file upload.txt (compact mmCIF, C-alpha atoms)
# COMPACT_ATOMS: atom_id res chain seq x y z
CA MET V 12 11.16 4.33 -5.62
CA ALA V 13 9.50 7.29 -4.01
CA HIS V 14 9.80 10.71 -5.60
CA PRO V 15 10.61 13.76 -3.50
CA SER V 16 7.89 14.95 -1.15
CA GLN V 17 5.77 11.94 -1.99
CA LEU V 18 3.01 11.37 0.54
CA GLY V 19 1.13 8.32 -0.70
CA PHE V 20 2.14 4.83 -1.65
CA GLN V 21 4.33 4.04 -4.62
CA ASP V 22 2.59 2.57 -7.64
CA ALA V 23 1.96 -1.13 -7.16
CA ALA V 24 4.31 -3.55 -8.84
CA SER V 25 2.61 -6.72 -7.69
CA PRO V 26 -0.98 -7.95 -7.36
CA VAL V 27 -0.81 -8.01 -3.57
CA MET V 28 0.30 -4.40 -3.48
CA GLU V 29 -2.63 -3.47 -5.71
CA GLU V 30 -4.95 -5.12 -3.21
CA LEU V 31 -3.27 -3.21 -0.41
CA LEU V 32 -3.75 0.07 -2.27
CA HIS V 33 -7.46 -0.61 -2.74
CA PHE V 34 -7.82 -1.63 0.90
CA HIS V 35 -6.02 1.49 2.01
CA ASP V 36 -8.43 3.59 -0.05
CA HIS V 37 -11.36 1.78 1.52
CA ALA V 38 -10.12 2.12 5.10
CA LEU V 39 -9.06 5.73 4.64
CA MET V 40 -12.46 6.61 3.20
CA ILE V 41 -14.09 5.14 6.31
CA VAL V 42 -11.72 7.14 8.48
CA PHE V 43 -12.56 10.34 6.58
CA LEU V 44 -16.29 9.67 6.91
CA ILE V 45 -16.08 9.14 10.65
CA SER V 46 -13.84 12.15 11.16
CA THR V 47 -16.11 14.39 9.10
CA LEU V 48 -19.15 13.23 11.05
CA VAL V 49 -17.45 13.85 14.38
CA LEU V 50 -16.17 17.25 13.27
CA TYR V 51 -19.66 18.23 12.12
CA ILE V 52 -21.14 17.14 15.44
CA ILE V 53 -18.53 19.08 17.39
CA VAL V 54 -19.14 22.25 15.39
CA ALA V 55 -22.90 21.85 15.76
CA MET V 56 -22.65 21.35 19.51
CA VAL V 57 -20.36 24.33 19.98
CA SER V 58 -22.26 26.79 17.83
CA THR V 59 -25.84 26.22 19.02
CA LYS V 60 -27.73 28.65 21.18
CA LEU V 61 -30.16 25.99 22.42
CA THR V 62 -29.86 24.02 25.63
CA ASN V 63 -31.67 20.83 26.43
CA LYS V 64 -32.18 20.89 30.17
CA TYR V 65 -34.43 17.91 30.61
CA ILE V 66 -32.71 15.06 28.79
CA LEU V 67 -32.85 11.94 30.89
CA ASP V 68 -31.83 8.87 28.90
CA SER V 69 -30.93 8.02 25.34
CA GLN V 70 -31.20 4.31 24.84
CA GLU V 71 -32.12 4.39 21.15
CA ILE V 72 -29.09 6.38 20.08
CA GLU V 73 -26.84 4.34 22.34
CA ILE V 74 -27.97 1.18 20.57
CA VAL V 75 -27.26 2.82 17.21
CA TRP V 76 -23.81 4.02 18.12
CA THR V 77 -22.87 0.61 19.42
CA ILE V 78 -24.14 -1.44 16.51
CA LEU V 79 -22.94 0.90 13.76
CA PRO V 80 -19.24 0.92 14.74
CA ALA V 81 -19.34 -2.87 15.03
CA VAL V 82 -20.68 -3.04 11.49
CA ILE V 83 -18.01 -0.63 10.28
CA LEU V 84 -15.30 -2.70 11.93
CA ILE V 85 -16.59 -5.83 10.23
CA LEU V 86 -16.52 -3.98 6.90
CA ILE V 87 -12.87 -3.15 7.54
CA ALA V 88 -11.89 -6.54 8.87
CA LEU V 89 -13.27 -8.67 6.04
CA PRO V 90 -11.12 -7.21 3.23
CA SER V 91 -8.18 -7.02 5.61
CA LEU V 92 -8.30 -10.71 6.45
CA ARG V 93 -8.74 -11.55 2.80
CA ILE V 94 -5.55 -9.73 1.91
CA LEU V 95 -3.78 -11.24 4.89
CA TYR V 96 -4.42 -14.74 3.63
CA LEU V 97 -3.66 -13.70 0.07
CA MET V 98 -0.22 -12.55 1.18
CA ASP V 99 0.51 -15.95 2.71
CA GLU V 100 -0.16 -17.98 -0.40
CA ILE V 101 2.78 -19.96 -1.71
CA ASN V 102 2.48 -20.39 -5.43
CA ASP V 103 5.16 -22.72 -6.79
CA PRO V 104 8.09 -20.37 -7.14
CA HIS V 105 10.36 -20.44 -10.16
CA LEU V 106 13.35 -19.27 -8.19
CA THR V 107 14.50 -19.19 -4.59
CA VAL V 108 16.81 -16.46 -3.31
CA LYS V 109 18.21 -16.27 0.17
CA ALA V 110 18.63 -12.77 1.60
CA MET V 111 20.77 -12.65 4.72
CA GLY V 112 21.02 -9.51 6.76
CA HIS V 113 24.34 -8.45 8.27
CA GLN V 114 25.53 -5.33 9.96
CA TRP V 115 25.26 -3.47 7.69
CA TYR V 116 24.77 -5.08 4.32
CA TRP V 117 22.76 -7.80 2.66
CA SER V 118 24.12 -10.95 1.15
CA TYR V 119 22.22 -12.92 -1.47
CA GLU V 120 22.55 -16.56 -2.42
CA TYR V 121 21.14 -18.15 -5.54
CA THR V 122 21.62 -21.87 -5.02
CA ASP V 123 18.98 -23.36 -7.33
CA TYR V 124 21.22 -24.00 -10.31
CA GLU V 125 24.68 -22.84 -9.33
CA ASP V 126 26.29 -21.67 -6.16
CA LEU V 127 26.05 -17.94 -6.54
CA GLY V 128 26.43 -15.62 -3.60
CA PHE V 129 27.43 -12.03 -3.21
CA ASP V 130 27.32 -9.16 -0.76
CA SER V 131 25.45 -6.00 -1.47
CA TYR V 132 26.65 -2.81 0.19
CA MET V 133 25.03 0.57 -0.01
CA ILE V 134 27.16 3.10 -1.88
CA PRO V 135 28.18 5.85 0.56
CA THR V 136 27.03 9.33 -0.30
CA GLN V 137 30.49 10.65 -1.11
CA ASP V 138 31.10 7.84 -3.62
CA LEU V 139 28.01 8.35 -5.74
CA THR V 140 28.26 9.30 -9.39
CA PRO V 141 26.13 12.29 -10.38
CA GLY V 142 22.50 11.34 -10.81
CA GLN V 143 22.51 8.38 -8.49
CA PHE V 144 20.06 8.26 -5.60
CA ARG V 145 21.42 9.06 -2.17
CA LEU V 146 21.05 6.25 0.39
CA LEU V 147 19.38 4.01 -2.20
CA GLU V 148 22.12 2.79 -4.53
CA THR V 149 24.07 -0.41 -3.94
CA ASP V 150 27.14 -1.88 -5.51
CA HIS V 151 25.52 -5.22 -6.39
CA ARG V 152 21.84 -5.62 -7.00
CA MET V 153 19.63 -8.66 -6.51
CA VAL V 154 18.55 -9.56 -10.02
CA VAL V 155 15.41 -11.64 -10.41
CA PRO V 156 13.10 -12.38 -13.33
CA MET V 157 9.86 -10.51 -13.85
CA GLU V 158 6.37 -11.97 -14.05
CA SER V 159 7.54 -15.04 -12.18
CA PRO V 160 6.78 -16.14 -8.67
CA ILE V 161 9.95 -15.93 -6.63
CA ARG V 162 10.60 -17.16 -3.16
CA VAL V 163 12.89 -15.01 -1.02
CA LEU V 164 14.09 -16.57 2.19
CA VAL V 165 14.98 -13.76 4.55
CA SER V 166 17.22 -14.39 7.50
CA ALA V 167 19.70 -12.51 9.61
CA GLU V 168 23.21 -13.19 10.74
CA ASP V 169 23.46 -11.03 13.80
CA VAL V 170 20.68 -8.68 14.81
CA LEU V 171 17.15 -8.10 13.71
CA HIS V 172 16.91 -7.06 10.06
CA SER V 173 13.99 -6.26 7.82
CA TRP V 174 13.86 -6.86 4.08
CA ALA V 175 11.21 -4.82 2.34
CA VAL V 176 10.24 -3.72 -1.16
CA PRO V 177 7.61 -1.01 -0.86
CA ALA V 178 6.46 -1.17 -4.46
CA LEU V 179 5.77 -4.89 -4.15
CA GLY V 180 4.11 -4.62 -0.76
CA VAL V 181 6.62 -6.91 0.87
CA LYS V 182 8.26 -6.63 4.24
CA ASN V 183 9.88 -9.32 6.32
CA SER V 184 11.59 -8.72 9.65
CA ARG V 185 13.75 -11.57 10.72
CA ARG V 186 15.76 -12.48 13.81
CA PRO V 187 18.96 -14.46 13.33
CA ARG V 188 18.60 -18.09 12.37
CA THR V 189 14.89 -17.87 11.74
CA PRO V 190 14.40 -17.76 7.99
CA LYS V 191 10.98 -17.19 6.55
CA PRO V 192 9.90 -17.36 2.92
CA ASN V 193 8.45 -14.40 1.13
CA SER V 194 6.63 -14.68 -2.17
CA LEU V 195 7.32 -12.04 -4.74
CA TYR V 196 5.61 -11.59 -8.02
CA CYS V 197 6.59 -8.63 -10.08
CA LEU V 198 4.20 -7.37 -12.73
CA PRO V 199 5.61 -6.51 -16.16
CA PRO V 200 6.85 -3.01 -16.68
CA TRP V 201 4.68 -0.53 -18.37
CA SER V 202 7.17 0.14 -21.08
CA ILE V 203 9.60 -1.63 -23.32
CA LEU V 204 12.45 -1.02 -20.92
CA TRP V 205 13.53 -4.41 -19.70
CA THR V 206 15.67 -3.42 -16.78
CA VAL V 207 13.76 -1.66 -14.06
CA LEU V 208 14.92 -0.87 -10.63
CA TRP V 209 12.94 -1.25 -7.49
CA ASN V 210 14.48 -0.33 -4.26
CA LEU V 211 14.42 -2.39 -1.17
CA TRP V 212 14.95 -0.97 2.24
CA CYS V 213 16.37 -2.07 5.48
CA GLN V 214 13.78 -0.68 7.82
CA PRO V 215 15.21 0.98 10.91
CA GLN V 216 15.11 -1.52 13.72
CA PHE V 217 16.50 0.49 16.57
CA TYR V 218 20.03 0.50 15.23
CA THR V 219 21.52 3.74 14.11
CA ASN V 220 23.51 2.48 11.15
CA CYS V 221 20.79 0.29 9.83
CA SER V 222 19.84 2.64 7.02
CA SER V 223 23.28 2.14 5.51
CA SER V 224 22.33 -1.31 4.31
CA ARG V 225 20.23 -0.90 1.22
CA PRO V 226 19.38 -3.93 -0.80
CA THR V 227 18.51 -3.00 -4.34
CA SER V 228 16.86 -5.39 -6.69
CA THR V 229 16.56 -5.39 -10.42
CA PHE V 230 13.78 -7.20 -12.16
CA ARG V 231 14.72 -8.34 -15.63
CA LYS V 232 12.37 -9.47 -18.33
CA LEU V 233 12.51 -13.22 -18.78
CA ILE V 234 13.71 -13.58 -22.32
CA LEU V 235 14.76 -17.20 -22.22
CA PRO V 236 13.83 -19.65 -19.50
CA HIS V 237 17.39 -20.60 -18.67
CA ALA V 238 19.48 -17.55 -19.37
CA TRP V 239 18.53 -14.34 -17.68
CA MET C 7 -15.62 20.55 83.37
CA LEU C 8 -18.68 18.46 83.52
CA SER C 9 -20.74 21.48 82.68
CA THR C 10 -18.63 22.22 79.58
CA ARG C 11 -19.01 18.65 78.47
CA ALA C 12 -22.74 18.89 78.92
CA LEU C 13 -22.65 22.18 77.05
CA VAL C 14 -20.80 20.57 74.13
CA ARG C 15 -23.15 17.61 74.19
CA GLY C 16 -26.12 19.94 74.18
CA LEU C 17 -24.67 21.98 71.37
CA GLN C 18 -24.03 18.87 69.31
CA ALA C 19 -27.53 17.57 69.87
CA GLY C 20 -29.33 20.86 69.53
CA LEU C 21 -28.07 23.53 67.36
CA TRP C 22 -24.47 22.71 66.47
CA ARG C 23 -25.34 21.16 63.15
CA ARG C 24 -27.49 24.14 62.26
CA VAL C 25 -24.85 26.55 63.39
CA SER C 26 -21.95 24.86 61.75
CA THR C 27 -23.61 24.69 58.35
CA SER C 28 -24.95 28.20 58.28
CA THR C 29 -23.33 30.41 55.74
CA GLY C 30 -22.21 32.82 58.40
CA ALA C 31 -20.23 30.16 60.23
CA LEU C 32 -18.83 28.77 57.00
CA ALA C 33 -17.83 32.18 55.78
CA ALA C 34 -16.18 32.90 59.11
CA HIS C 35 -13.73 30.05 58.51
CA ALA C 36 -10.50 31.28 57.00
CA HIS C 37 -10.40 28.85 54.08
CA ALA C 38 -7.71 30.91 52.39
CA SER C 39 -9.26 30.22 49.00
CA ALA C 40 -10.70 32.56 46.49
CA VAL C 41 -13.84 30.47 46.04
CA ASP C 42 -16.89 31.59 47.97
CA VAL C 43 -18.40 28.80 49.97
CA ILE C 44 -21.73 28.00 48.37
CA ASP C 45 -24.37 26.05 50.20
CA CYS C 46 -26.08 23.96 47.58
CA SER C 47 -28.69 22.62 49.94
CA VAL C 48 -30.65 25.88 49.79
CA PRO C 49 -32.09 27.61 46.71
CA GLN C 50 -29.59 29.82 44.91
CA TYR C 51 -29.58 32.66 42.47
CA ASN C 52 -28.00 32.15 39.02
CA ASN C 53 -27.46 34.13 35.83
CA ARG C 54 -28.22 31.65 33.04
CA LEU C 55 -29.76 32.18 29.64
CA ASP C 56 -31.90 29.08 29.97
CA THR C 57 -33.39 29.87 33.41
CA PRO C 58 -35.35 33.11 33.01
CA LEU C 59 -36.66 32.92 36.56
CA PRO C 60 -34.09 31.85 39.15
CA ASP C 61 -35.17 30.24 42.37
CA ILE C 62 -34.62 33.30 44.56
CA PRO C 63 -34.31 37.02 43.85
CA PHE C 64 -30.86 38.49 43.66
CA ILE C 65 -31.18 40.82 46.65
CA THR C 66 -32.99 39.30 49.58
CA ASN C 67 -31.91 41.62 52.38
CA LEU C 68 -33.87 44.76 51.53
CA THR C 69 -33.15 48.21 52.84
CA PRO C 70 -36.16 50.21 54.09
CA GLU C 71 -36.38 52.12 50.80
CA GLN C 72 -36.37 48.89 48.89
CA LYS C 73 -39.03 47.50 51.20
CA THR C 74 -41.32 50.47 50.50
CA LEU C 75 -40.70 49.97 46.80
CA LYS C 76 -41.72 46.34 47.14
CA GLU C 77 -44.91 47.45 48.89
CA LYS C 78 -45.60 49.85 46.04
CA GLU C 79 -45.12 46.98 43.62
CA LYS C 80 -48.16 45.27 45.10
CA ASP C 81 -50.37 48.05 43.70
CA ALA C 82 -51.05 48.68 40.08
CA TRP C 83 -47.84 48.66 38.07
CA THR C 84 -48.93 51.58 35.94
CA ASN C 85 -48.22 53.75 38.99
CA LEU C 86 -44.54 52.86 38.94
CA THR C 87 -42.08 55.21 37.27
CA LYS C 88 -39.49 53.93 34.83
CA GLU C 89 -36.70 54.24 37.40
CA GLU C 90 -38.74 52.33 39.97
CA LYS C 91 -39.39 49.53 37.49
CA LEU C 92 -35.68 49.35 36.71
CA ALA C 93 -34.85 49.33 40.43
CA LEU C 94 -37.32 46.50 41.00
CA TYR C 95 -35.75 44.57 38.10
CA ARG C 96 -32.30 45.01 39.57
CA LEU C 97 -33.59 43.78 42.93
CA SER C 98 -34.65 40.51 41.35
CA PHE C 99 -31.91 40.06 38.77
CA GLU C 100 -28.20 40.77 38.82
CA LEU C 101 -27.62 40.78 35.02
CA SER C 102 -30.03 41.46 32.21
CA TYR C 103 -30.16 39.18 29.18
CA ALA C 104 -28.20 41.68 27.13
CA GLU C 105 -25.49 41.79 29.78
CA MET C 106 -25.38 37.99 30.00
CA LYS C 107 -25.00 37.61 26.24
CA LYS C 108 -22.46 40.38 25.86
CA GLY C 109 -19.37 38.26 26.29
CA SER C 110 -15.94 39.69 26.81
CA ASP C 111 -12.81 40.69 24.91
CA GLU C 112 -10.88 37.70 26.16
CA TRP C 113 -10.66 36.23 22.68
CA LYS C 114 -8.38 39.06 21.62
CA THR C 115 -5.95 38.20 24.39
CA VAL C 116 -6.10 34.53 23.49
CA LEU C 117 -5.47 35.20 19.79
CA ALA C 118 -2.63 37.56 20.60
CA GLY C 119 -1.05 34.91 22.79
CA ILE C 120 -1.38 32.30 20.03
CA PHE C 121 0.27 34.57 17.45
CA PHE C 122 3.00 35.52 19.88
CA PHE C 123 3.95 31.94 20.63
CA LEU C 124 3.71 30.97 16.96
CA GLY C 125 6.09 33.78 16.15
CA PHE C 126 8.40 32.83 18.98
CA THR C 127 8.49 29.25 17.74
CA GLY C 128 9.23 30.53 14.26
CA VAL C 129 12.15 32.54 15.61
CA LEU C 130 13.47 29.44 17.35
CA VAL C 131 13.16 27.37 14.15
CA TRP C 132 14.89 30.03 12.08
CA TRP C 133 17.72 30.39 14.60
CA GLN C 134 18.17 26.65 14.68
CA ARG C 135 18.29 26.48 10.90
CA ILE C 136 20.99 29.15 10.75
CA TYR C 137 23.15 28.31 13.73
CA VAL C 138 22.67 24.61 14.45
CA TYR C 139 22.03 22.74 11.21
CA GLY C 140 24.90 21.58 9.04
CA ASP C 141 25.08 21.72 5.28
CA VAL C 142 22.62 19.78 3.15
CA PRO C 143 24.06 16.81 1.21
CA HIS C 144 25.66 17.61 -2.13
CA THR C 145 23.06 15.43 -3.81
CA LEU C 146 20.59 18.28 -3.46
CA SER C 147 22.51 20.63 -5.78
CA PRO C 148 20.58 21.64 -8.91
CA GLU C 149 22.89 19.74 -11.27
CA TRP C 150 22.57 16.56 -9.31
CA VAL C 151 18.81 16.91 -8.98
CA GLU C 152 18.55 17.43 -12.72
CA LYS C 153 20.51 14.27 -13.50
CA GLN C 154 18.60 12.38 -10.85
CA THR C 155 15.24 13.51 -12.23
CA GLN C 156 16.25 12.46 -15.72
CA ARG C 157 17.23 9.06 -14.38
CA MET C 158 13.91 8.72 -12.59
CA ILE C 159 12.06 9.56 -15.78
CA ASP C 160 14.13 7.02 -17.71
CA MET C 161 13.40 4.40 -15.09
CA ARG C 162 9.64 5.06 -15.27
CA VAL C 163 9.35 5.72 -11.55
CA ASN C 164 5.69 5.48 -10.47
CA PRO C 165 4.31 5.66 -14.01
CA VAL C 166 0.65 5.01 -13.18
CA HIS C 167 -0.27 7.84 -10.84
CA GLY C 168 2.96 9.36 -9.66
CA PHE C 169 6.15 10.83 -10.95
CA SER C 170 6.51 9.54 -14.49
CA HIS C 171 2.81 9.86 -15.05
CA LYS C 172 3.28 13.61 -15.19
CA TRP C 173 5.97 13.43 -17.90
CA ASP C 174 4.92 13.39 -21.53
CA TYR C 175 7.27 10.89 -23.17
CA GLU C 176 6.36 11.91 -26.71
CA LYS C 177 6.81 15.60 -26.29
CA LYS C 178 9.64 15.19 -23.76
CA GLN C 179 8.20 17.72 -21.33
CA TRP C 180 6.08 17.85 -18.21
CA LYS C 181 2.39 17.58 -18.83
call {"tool": "encode", "arguments": {"input": "upload.txt", "output": "structure tokens"}}
result
Amino acid sequence: MAHPSQLGFQDAASPVMEELLHFHDHALMIVFLISTLVLYIIVAMVSTKLTNKYILDSQEIEIVWTILPAVILILIALPSLRILYLMDEINDPHLTVKAMGHQWYWSYEYTDYEDLGFDSYMIPTQDLTPGQFRLLETDHRMVVPMESPIRVLVSAEDVLHSWAVPALGVKNSRRPRTPKPNSLYCLPPWSILWTVLWNLWCQPQFYTNCSSSRPTSTFRKLILPHAW
Amino acid sequence: MLSTRALVRGLQAGLWRRVSTSTGALAAHAHASAVDVIDCSVPQYNNRLDTPLPDIPFITNLTPEQKTLKEKEKDAWTNLTKEEKLALYRLSFELSYAEMKKGSDEWKTVLAGIFFFLGFTGVLVWWQRIYVYGDVPHTLSPEWVEKQTQRMIDMRVNPVHGFSHKWDYEKKQWK
């Protein structure tokens, strides 16, 4: 989850999110370089006492400032496309979970081995026990094993919903009756704690009560293959 | 009537164009605007740092005294007094370089306006905070925040670079 007044991304909990963090660093560095260059040029133009009265044409610099941005854009696009295709890989999931969006809660179905389904409502603020996170806690969490590829089929029952886990770099907006698979892979925790909580969000999709549906997922360490 | 038409025709052919574009005729029009009508098809005077010698002198219609001064300028310049040299300068140029570079005090007014509106916006924000906003949620009370923080530390929230990274788990204190 995010801590208060956090500005950057949460720490990555999946390989794809790590790639996204590195790409964000790369793209942001390019943005800083361009902005610094432009700011320097602006300050230099404003603070000079010299005037060039006889400039006529500038074909050399125009060639440079056409080719160079094209090169920069290619340098941004190549890693971006690589990550885009990485995110779409399907890698033989161990488990399939269906996440269905309602107004305003999520329902999960685990139908691989048994018929398990439950609804997951966000706990209202006045019902929280002390220490719980406002607008993030739910009564039933989606429990999935760690270090295993998982397929989550996201769909919606009524309106547009979005199922996202920021720490895993996953977001899936779905209209009703159009399910789409999402591959999750959660890296092991950095400690011996075997129950860790990542928070999923329902991203606001133009509906005012949408933030009151808060899917929360728990990733448990896979102790035995069949009983988790 | 025929004679007036011939007169108009003659004016159009002959001198109307010259008359209508002269500065006197243009200035005589009541344009009701504050901008002087400038004829850019003739050389003009300008005060610019990068043109030391404008196309025409500043004062072109000389009084008789100024005309005698101009005649005296054609002799040796060592015969001119300091006041005459200054008068001749002011005939050719409206502003000296020092006067052009001097600038104005407008920046003080601009800065004062910026501070005033910043302060006014601050007053609006403060008033809104006091009179419009409701109470903050009870989850922001110190006791709740303390329990919440402890739970975040136990859960290892963002342990690589973020929140839990700053907590020393051996010494049980912030780093």
call {"tool": "atom_distance", "arguments": {"input": "upload.txt", "atom1": "CA of His113 in chain V", "atom2": "CA of Ala167 in chain V"}}
result
6.3 Å
call {"tool": "interface_residues", "arguments": {"input": "upload.txt", "of": "chain C", "to": "chain V", "cutoff": "10 Å", "atoms": "only C-alpha atoms", "output": "list in words"}}
result
Leu55, Asp56, Thr57, Pro143, His144, Thr145, Leu146, Glu149, Trp150, Val151, Glu152, Lys153, Gln154, Thr155, Gln156, Arg157, Met158, Asp160, Met161, Arg162, Val163, Asn164, Pro165, Val166, His167, Gly168, Phe169 and Ser170 of chain C
call {"tool": "residues_around", "arguments": {"input": "upload.txt", "residues": "Leu94 in chain C", "least_positions_apart": "2", "cutoff": "9 Å", "atoms": "only C-alpha atoms", "output": "PyMOL selection string"}}
result
chain C and resi 72+75-76+79+89-92+96-99
call {"tool": "axis_aligned_box", "arguments": {"input": "upload.txt", "around": "range 133-151 of chain V", "padding_each_side": "8 Å", "output": "lines of an AutoDock Vina configuration file"}}
result
center_x = 25.2
center_y = 3.5
center_z = -5.1
size_x = 27.7
size_y = 33.5
size_z = 27.4
call {"tool": "atom_distance", "arguments": {"input": "upload.txt", "atom1": "CA of Glu100 in chain V", "atom2": "CA of Pro26 in chain V"}}
result
12.2 Å
call {"tool": "atom_distance", "arguments": {"input": "upload.txt", "atom1": "CA of Ile159 in chain C", "atom2": "CA of Trp173 in chain C"}}
result
7.5 Å
call {"tool": "closest_residue", "arguments": {"input": "upload.txt", "among": "V:Ser184, V:Pro177, V:Ser159, V:Val165", "to": "Asn102 in chain V", "atoms": "all atoms listed in the file"}}
result
V:Ser159
call {"tool": "closest_residue", "arguments": {"input": "upload.txt", "among": "V:Ile53, V:Leu67, V:Met28, V:Met111", "to": "Val170 in chain V", "atoms": "only C-alpha atoms"}}
result
V:Met111
